[in-house]
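Heads up, the thing below is written out as structure tokens.
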Amino acid sequence: MKRIMDESDLHHRHKEKIFQLLKEEPYANFLGIELLDIGEGTAVAELDIQDHMLNSHGTVHGAITFAIADYVFAAACNSYGKTSVGLSTTVNYMAAGKKGSRLRATASEEKKNHRTSWYKIRVESDGELIATMEALAYRKDHYFVPVD
């Protein structure tokens, strides 16, 4: 008989380990994204915009906005210690991030089941909503924290 994991319990027992693993994500570190918090199916991160992150118009490049949104999505869907990977995302760009601003991205889980989970992500530039993302994750059988 297959045992059902109490993922809420796993999250709370291993939150520090999960947080540290996600905080050390190489690409996020390369960009300077700082993971501030994870919860059950949630994550918050911030990024100070540097001049090399701007586009030809002097505003935040869409790839940077996408990167921080994708990062909190990854952190949120892996917050239970179960390996999860992105299947699809839809991004809506609503305004341009400004030079010298601080981006803040928040992810929140809408629903999860054994195999998939759905998230809504908000990206703000100095408090102004500049983008949203809807994201779908595939939840593998593998846990990266001890389950026994």
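Each chain in the structure tokens gets a letter, A, B, ..., in the order shown, and its residues are numbered from 1; ligands are numbered from 1 in order too.
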*Leaving out segment 43-47 of chain A and any residue of its chain fewer than 3 positions from it, which residues lie within 9 Å of it when counting only C-alpha atoms, given as a PyMOL selection string?*
chain A and resi 31-40+68-69+71-77+79+101-108
*Tell me which protein, DNA and RNA residues are within 10 Å of Ser117 of chain A, counting only C-alpha atoms, leaving out same-chain ones fewer than 6 positions away, and put them as a list in words.*
Gly41, Ala76, Cys77, Ser84, Val85, Gly86, Leu87, Glu109, Glu110, Lys111, Ala135, Leu136, Ala137, Tyr138 and Arg139 of chain A
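Taking only C-alpha atoms into account, Asp6 of chain A lies nearest to A:His114 out of the set A:Thr42, A:Ile130, A:His114, A:Leu21.
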_Who sits within 12 Å of Asp141 of chain A, only C-alpha atoms, same chain under 5 positions skipped, as number ranges by chain_ = A: 2, 4-5, 81-85, 114-116, 147
_helix (DSSP H, G or I) positions in chain A, given as a PyMOL selection string_ = chain A and resi 7-23+26-31+51-53+62-77
_DSSP strand (DSSP E or B) residues within chain A, as a PyMOL selection string_ = chain A and resi 34-39+42-48+54+59-60+82-93+98+102-112+116-125+128-143
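Atom CA of Ala96 of chain A is found 5.9 Å from atom CA of Thr59 of chain A.
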